[in-house]
Amino acid sequence: MLSRRDKLYTGIALIIFLGLLGILNNTLSGYHMRLINLIGINIILVVSLNLTNGFCGVFSLGHAGFMAVGAYVSAILALPLTKKALVLPELPTWLGSIEVNFLLSLIIGGLVAAFFALLIGYPVLRLSGHYLAVATLGFLIIIQVLITQLSHITRGARGINGLISYTNVWWVWGTVIVTIYAVWRIVNSSYGRGMLAIREDDLAAESLGINLTSHKLLAFCVGAFFAGVGGALWGHLITVVNPLSFDSNRTFNLVVMSVVGGMGSITGGVIGATLMTIVPELLRNLEVGITIFGMSIPPLYGLSQIILAGALILVIFFRPHGLVGNWEFNWNFLKKSKNISKTTQNL
Amino acid sequence: MDTVKKNKIVLSVEGITKKFKGLVAVDNYNLQLPEGEIIGLIGPNGAGKTTVFNMLTGIFPPTEGKIMLAGSDITGFRPDHIVQRGIARTFQNIRLFSNLSVLENVVIAAQIRKKYGFISTLCSSASFTKEENELITKAEEYLEALGIAEYKEQKAKNLAYGIQRKLEIARALATNPLVLLLDEPAAGMNPQESIDLMHTIRKLKDEFNLTVILIEHDMKVVMNLCERLQVLSYGKILAEGTPEEIRNNKLVIDAYLGRSTASA
């Protein structure tokens with residue numbers, strides 16, 4: 001629970017942050033703004049993944065599958081009717097004749113993803129550890145096959161292009177705030193404590209009255225909801241959705257972000273997502289050939305990948321629980337210097 | 001003693017049996033447990049004592065037989081339902097939530113009676129805040145009762161062994177049980193700690209109006225604490241009676257106690 005002081009600080013920080021985003025939005029190039037939006041989308045995806053994988057200990061590799069569901073649902077719903085007739089002529093009439101606004105399409109996309117999580121979660125969440133990871137990976141493959149095969153709805157492997165680029169900095173970072181708020185509320189409630197208990201020792205948790213299935217399902221479905229919303233935002237950012245965008249590679253990327261930052265922490269999710277979006281972009285500059293003191297170094301393609309992989313190994317070696325572990329951001333560092341005498345008095 | 005006998009039966013177990021494939025782990029176990037009694041379950045390793053606990057708490061259902069708690073049949077219920085009905089337990093090999101704080105460990109158990117829903121969690125409504133504060137106060141009371149409130153901010157895994165055992169008891173108590181099952185609470189404790197624990201259990205029993213089933217190898221603890229003992233051997237009840245009777249029972253001495261301990 002936040003004290004009044006913490007609420008104030010958080011409010012101020014939010015206002016400053018949003019102001020900064022507004023300024024950046026008007027000054028930075030399209031490339032940089034897209035990078036900032038990608039960071040935001042990855043934060044949504046990784047923080048929601050942390051709820052399932054990190055807090056509840058349900059190690060899922062299906063996150064990209066839920067992204068795909070959200071992205072496709074939202075893309076089909078939000079496509080303007082004129083374009084729909086052109087791009088998706090074979091759509092069933094009830095789908096072909098509706099166009100919903102972007103916000104609603106995001107929410108429905110998320111809800112459908114959560115519904116899929118409910119369907120597969122019920123049988124699959126009885127498994128644990130590696131078995132669960134493999135089963136969720138299976139779900140990801142099923143989703144990809146479904147999207148490829150249901151070509152009258154999804155246009156199969158060609159994907160749906162020509163989406164309107166609704167996604168902008170406000171949609172993305174607004175959703176980031178909602179995601180972090182929701183996950184933070186859940187984690188700091190009986191639901192979240194139940195999830196932590198299941199992660200720590202499911203047998204003991206069950207013997208203390210925690211319903212394993214309902215808690216795991218809650219974590220899984222909320223995770224899937226935000227994955228769906230994140231996928232929908234992503235689709236409307238690059239204006240194309242196709243099955244290959246949501247393959248196991250993407251899932252593994254998200255898992256890496258989560259592990260690097262710290263699985264059992266919201267802060268860890270934010271940091272992991274941010275770093276693992278920015279650093280590869282920066283490293284990419286290394287791959288262009290440069291000339292130093294008359295010596296020309298040819299472009300070394302793949303160098304950025306090698307450096308990134310090496311850095312990951314180092315992080316896992318020195319910080320096996322991720323960069324921040326289970327630590328959460330708080331405002332206490334502001335208090336320490338001034339109020340030590342006050343707090344000791346209160347004790 | 002006489003008052004105890006008049007008390008109504010809170011837990012009644014009729015002929016529960018557990019078979020793992022061909023192996024009969026527990027065979028026809030019976031128990032009539034009056035309210036407020038402390039009964040001891042003793043016997044050699046592998047006799048099936050923990051299996052009895054696992055059946056009573058729903059970790060696995062009995063192959064045969066019936067378990068009645070306060071008049072209603074709970075045979076085959078899931079563990080979380082059974083603890084909600086009022087049987088709580090500790091584990092032989094401590095099973096704390098090691099990376100969580102001592103307070104969190106107990107709050108998780110206390111939240112068994114929480115009422116707020118998912119929406120009030122998201123909105124952080126007034127009822128949510130009120131109930132959360134109540135949960136914390138309650139959890140602190142249980143820590144207080146076991147004398148370990150000073151450790152509440154520490155991670156469970158950093159506690160000394162004896163404190164961990166107490167935390168496990170506090171956690172089980174926080175579910176507000178009718179019957180408390182303690183699985184070797186004194187294991188690994190030194191003699192002084194065992195005696196402390198004995199007093200604590202007796203105190204808690206009175207304070208929280210508990211009925212206790214105790215598995216324990218420390219004969220001093222068992223003989224002093226329990227009003228009645230059951231001896232299990234190879235899955236069967238070998239003998240049943242007061243500590244005095246058990247101590248002098250030939251079968252029990254041969255199967256479990258041995259000659260020197262019998263005089264303890």
# chains A, B, ... in the order shown; residues from 1 in each chain; ligands from 1
>>> interface_residues(of="chain B", to="chain A", cutoff="7 Å", atoms="only C-alpha atoms", output="MDAnalysis selection string")
chainID B and resid 79:81 83:84 95 97:98 108:109 111:112 121:122 175
>>> residues_around(residues="Gly129 (chain A)", least_positions_apart="3", cutoff="8 Å", atoms="only C-alpha atoms", output="PyMOL selection string")
chain A and resi 58-59+132-133
>>> select_by_dssp(residues="region 79-169 of chain A", states="alpha helix (DSSP H)", output="MDAnalysis selection string")
chainID A and resid 81:87 93:96 102:124 129:149 151:154 169
>>> residues_around(residues="region 223-239 of chain B", least_positions_apart="3", cutoff="7 Å", atoms="only C-alpha atoms", output="NGL selection string")
:B and (25-29 or 37-44 or 47-49 or 198 or 219-220 or 242-243)
>>> closest_residue(among="A:Thr136, A:Thr267, A:Ser296, A:Thr27", to="Leu323 (chain A)", atoms="only C-alpha atoms")
A:Thr267
>>> closest_residue(among="A:Ala68, A:Ala114, A:Leu24, A:Val324", to="Ser265 (chain A)", atoms="only C-alpha atoms")
A:Val324
>>> residues_around(residues="Leu137 (chain A)", least_positions_apart="5", cutoff="9 Å", atoms="only C-alpha atoms", output="list of chain:residue names")
A:Ser60, A:Leu61, A:Gly62, A:His63, A:Gly65, A:Leu132, A:Ile142, A:Ser248, A:Thr251
>>> write_last_selection(atoms="N, CA, C and O atoms", output="compact mmCIF listing (two decimals), in the first residue's frame")
# COMPACT_ATOMS: atom_id res chain seq x y z
N SER A 60 5.49 -20.09 -18.81
CA SER A 60 4.78 -20.22 -20.08
C SER A 60 5.65 -19.72 -21.23
O SER A 60 6.35 -18.72 -21.11
N LEU A 61 5.60 -20.44 -22.35
CA LEU A 61 6.27 -19.97 -23.57
C LEU A 61 5.23 -19.61 -24.62
O LEU A 61 5.52 -19.52 -25.79
N GLY A 62 4.00 -19.39 -24.18
CA GLY A 62 2.93 -19.15 -25.14
C GLY A 62 2.62 -17.68 -25.36
O GLY A 62 1.64 -17.35 -26.03
N HIS A 63 3.44 -16.79 -24.80
CA HIS A 63 3.08 -15.38 -24.82
C HIS A 63 2.89 -14.84 -26.24
O HIS A 63 1.96 -14.09 -26.49
N GLY A 65 1.85 -16.42 -28.73
CA GLY A 65 0.56 -16.92 -29.22
C GLY A 65 -0.58 -16.01 -28.82
O GLY A 65 -1.45 -15.69 -29.62
N LEU A 132 5.10 -27.93 -18.58
CA LEU A 132 4.22 -26.81 -18.85
C LEU A 132 4.80 -25.94 -19.96
O LEU A 132 4.09 -25.52 -20.88
N ILE A 142 0.12 -24.33 -32.42
CA ILE A 142 -1.28 -24.51 -32.85
C ILE A 142 -1.84 -23.19 -33.37
O ILE A 142 -2.48 -23.13 -34.42
N SER A 248 8.11 -18.66 -32.28
CA SER A 248 8.76 -18.99 -31.01
C SER A 248 9.92 -18.02 -30.73
O SER A 248 10.24 -17.75 -29.57
N THR A 251 8.59 -15.25 -28.62
CA THR A 251 8.41 -15.72 -27.25
C THR A 251 9.74 -15.75 -26.51
O THR A 251 9.86 -15.25 -25.39
>>> residues_around(residues="Thr200 (chain B)", least_positions_apart="3", cutoff="12 Å", atoms="only C-alpha atoms", output="list in words")
Glu144, Ala145, Leu146, Gly147, Ile148, Arg165, Lys166, Ile169, Ala170, Pro185, Ala186, Glu193, Ser194, Ile195, Asp196, Leu197, Lys203, Leu204, Lys205, Asp206, Glu207, Phe208, Val221 and Leu225 of chain B
>>> atom_distance(atom1="CA of Thr10 (chain A)", atom2="CA of Gly174 (chain A)")
15.0 Å
>>> decode(residues="region 163-194 of chain B", atoms="N, CA, C and O atoms", output="short mmCIF file (atom, residue, chain, number, x, y, z; two decimals), in the first residue's frame")
data_model
loop_
_atom_site.label_atom_id
_atom_site.label_comp_id
_atom_site.auth_asym_id
_atom_site.auth_seq_id
_atom_site.Cartn_x
_atom_site.Cartn_y
_atom_site.Cartn_z
N ILE B 163 13.13 -21.49 14.78
CA ILE B 163 12.18 -20.42 14.46
C ILE B 163 11.34 -20.80 13.25
O ILE B 163 10.15 -20.53 13.18
N GLN B 164 12.00 -21.45 12.28
CA GLN B 164 11.25 -21.89 11.09
C GLN B 164 10.13 -22.85 11.49
O GLN B 164 9.02 -22.76 10.99
N ARG B 165 10.45 -23.76 12.42
CA ARG B 165 9.42 -24.69 12.90
C ARG B 165 8.26 -23.93 13.53
O ARG B 165 7.10 -24.26 13.29
N LYS B 166 8.60 -22.92 14.33
CA LYS B 166 7.54 -22.14 14.97
C LYS B 166 6.72 -21.37 13.94
O LYS B 166 5.50 -21.26 14.06
N LEU B 167 7.42 -20.84 12.93
CA LEU B 167 6.71 -20.10 11.89
C LEU B 167 5.72 -21.02 11.18
O LEU B 167 4.60 -20.62 10.87
N GLU B 168 6.13 -22.25 10.97
CA GLU B 168 5.22 -23.18 10.31
C GLU B 168 3.97 -23.41 11.15
O GLU B 168 2.87 -23.51 10.63
N ILE B 169 4.17 -23.48 12.46
CA ILE B 169 3.00 -23.65 13.34
C ILE B 169 2.12 -22.39 13.29
O ILE B 169 0.90 -22.48 13.18
N ALA B 170 2.76 -21.22 13.34
CA ALA B 170 2.00 -19.96 13.28
C ALA B 170 1.18 -19.91 12.00
O ALA B 170 0.02 -19.49 12.00
N ARG B 171 1.79 -20.35 10.92
CA ARG B 171 1.13 -20.31 9.62
C ARG B 171 -0.08 -21.25 9.61
O ARG B 171 -1.16 -20.88 9.13
N ALA B 172 0.10 -22.44 10.17
CA ALA B 172 -1.03 -23.38 10.22
C ALA B 172 -2.15 -22.82 11.11
O ALA B 172 -3.33 -22.91 10.77
N LEU B 173 -1.77 -22.19 12.22
CA LEU B 173 -2.76 -21.62 13.14
C LEU B 173 -3.57 -20.51 12.48
O LEU B 173 -4.75 -20.33 12.77
N ALA B 174 -2.89 -19.75 11.60
CA ALA B 174 -3.54 -18.60 10.99
C ALA B 174 -4.72 -18.99 10.11
O ALA B 174 -5.55 -18.16 9.77
N THR B 175 -4.80 -20.26 9.72
CA THR B 175 -5.97 -20.70 8.96
C THR B 175 -7.16 -20.95 9.88
O THR B 175 -8.22 -21.32 9.42
N ASN B 176 -6.94 -20.76 11.18
CA ASN B 176 -8.00 -20.87 12.17
C ASN B 176 -8.61 -22.27 12.21
O ASN B 176 -9.81 -22.43 11.99
N PRO B 177 -7.78 -23.28 12.49
CA PRO B 177 -8.25 -24.67 12.38
C PRO B 177 -8.98 -25.17 13.62
O PRO B 177 -8.81 -24.63 14.71
N LEU B 178 -9.78 -26.21 13.42
CA LEU B 178 -10.34 -26.96 14.54
C LEU B 178 -9.33 -27.98 15.02
O LEU B 178 -9.14 -28.19 16.21
N VAL B 179 -8.71 -28.64 14.03
CA VAL B 179 -7.75 -29.69 14.34
C VAL B 179 -6.41 -29.31 13.73
O VAL B 179 -6.34 -28.91 12.57
N LEU B 180 -5.35 -29.42 14.53
CA LEU B 180 -4.02 -29.09 14.05
C LEU B 180 -3.18 -30.35 14.01
O LEU B 180 -3.09 -31.08 15.00
N LEU B 181 -2.59 -30.63 12.85
CA LEU B 181 -1.75 -31.81 12.71
C LEU B 181 -0.29 -31.36 12.70
O LEU B 181 0.11 -30.59 11.84
N LEU B 182 0.48 -31.82 13.66
CA LEU B 182 1.89 -31.43 13.74
C LEU B 182 2.76 -32.63 13.39
O LEU B 182 2.73 -33.65 14.07
N ASP B 183 3.54 -32.48 12.32
CA ASP B 183 4.38 -33.59 11.87
C ASP B 183 5.81 -33.37 12.33
O ASP B 183 6.54 -32.58 11.76
N GLU B 184 6.19 -34.06 13.38
CA GLU B 184 7.52 -33.98 13.98
C GLU B 184 7.96 -32.53 14.23
O GLU B 184 8.98 -32.09 13.69
N PRO B 185 7.23 -31.80 15.05
CA PRO B 185 7.60 -30.41 15.29
C PRO B 185 8.93 -30.26 16.03
O PRO B 185 9.58 -29.24 15.91
N ALA B 186 9.34 -31.26 16.78
CA ALA B 186 10.57 -31.13 17.57
C ALA B 186 11.78 -31.72 16.85
O ALA B 186 12.87 -31.71 17.40
N ALA B 187 11.58 -32.20 15.62
CA ALA B 187 12.71 -32.81 14.91
C ALA B 187 13.84 -31.81 14.76
O ALA B 187 13.62 -30.66 14.37
N GLY B 188 15.04 -32.22 15.09
CA GLY B 188 16.20 -31.36 14.92
C GLY B 188 16.37 -30.31 16.00
O GLY B 188 17.24 -29.45 15.89
N MET B 189 15.53 -30.34 17.02
CA MET B 189 15.68 -29.35 18.09
C MET B 189 16.52 -29.93 19.22
O MET B 189 16.52 -31.14 19.45
N ASN B 190 17.21 -29.05 19.94
CA ASN B 190 17.96 -29.53 21.09
C ASN B 190 16.99 -29.70 22.27
O ASN B 190 15.85 -29.24 22.22
N PRO B 191 17.41 -30.38 23.34
CA PRO B 191 16.48 -30.70 24.44
C PRO B 191 15.75 -29.47 24.99
O PRO B 191 14.55 -29.52 25.23
N GLN B 192 16.49 -28.36 25.14
CA GLN B 192 15.86 -27.16 25.68
C GLN B 192 14.77 -26.64 24.75
O GLN B 192 13.66 -26.31 25.17
N GLU B 193 15.09 -26.61 23.45
CA GLU B 193 14.11 -26.15 22.46
C GLU B 193 12.88 -27.04 22.46
O GLU B 193 11.76 -26.57 22.33
N SER B 194 13.11 -28.36 22.62
CA SER B 194 11.98 -29.29 22.66
C SER B 194 11.05 -28.98 23.82
O SER B 194 9.82 -29.00 23.67
#
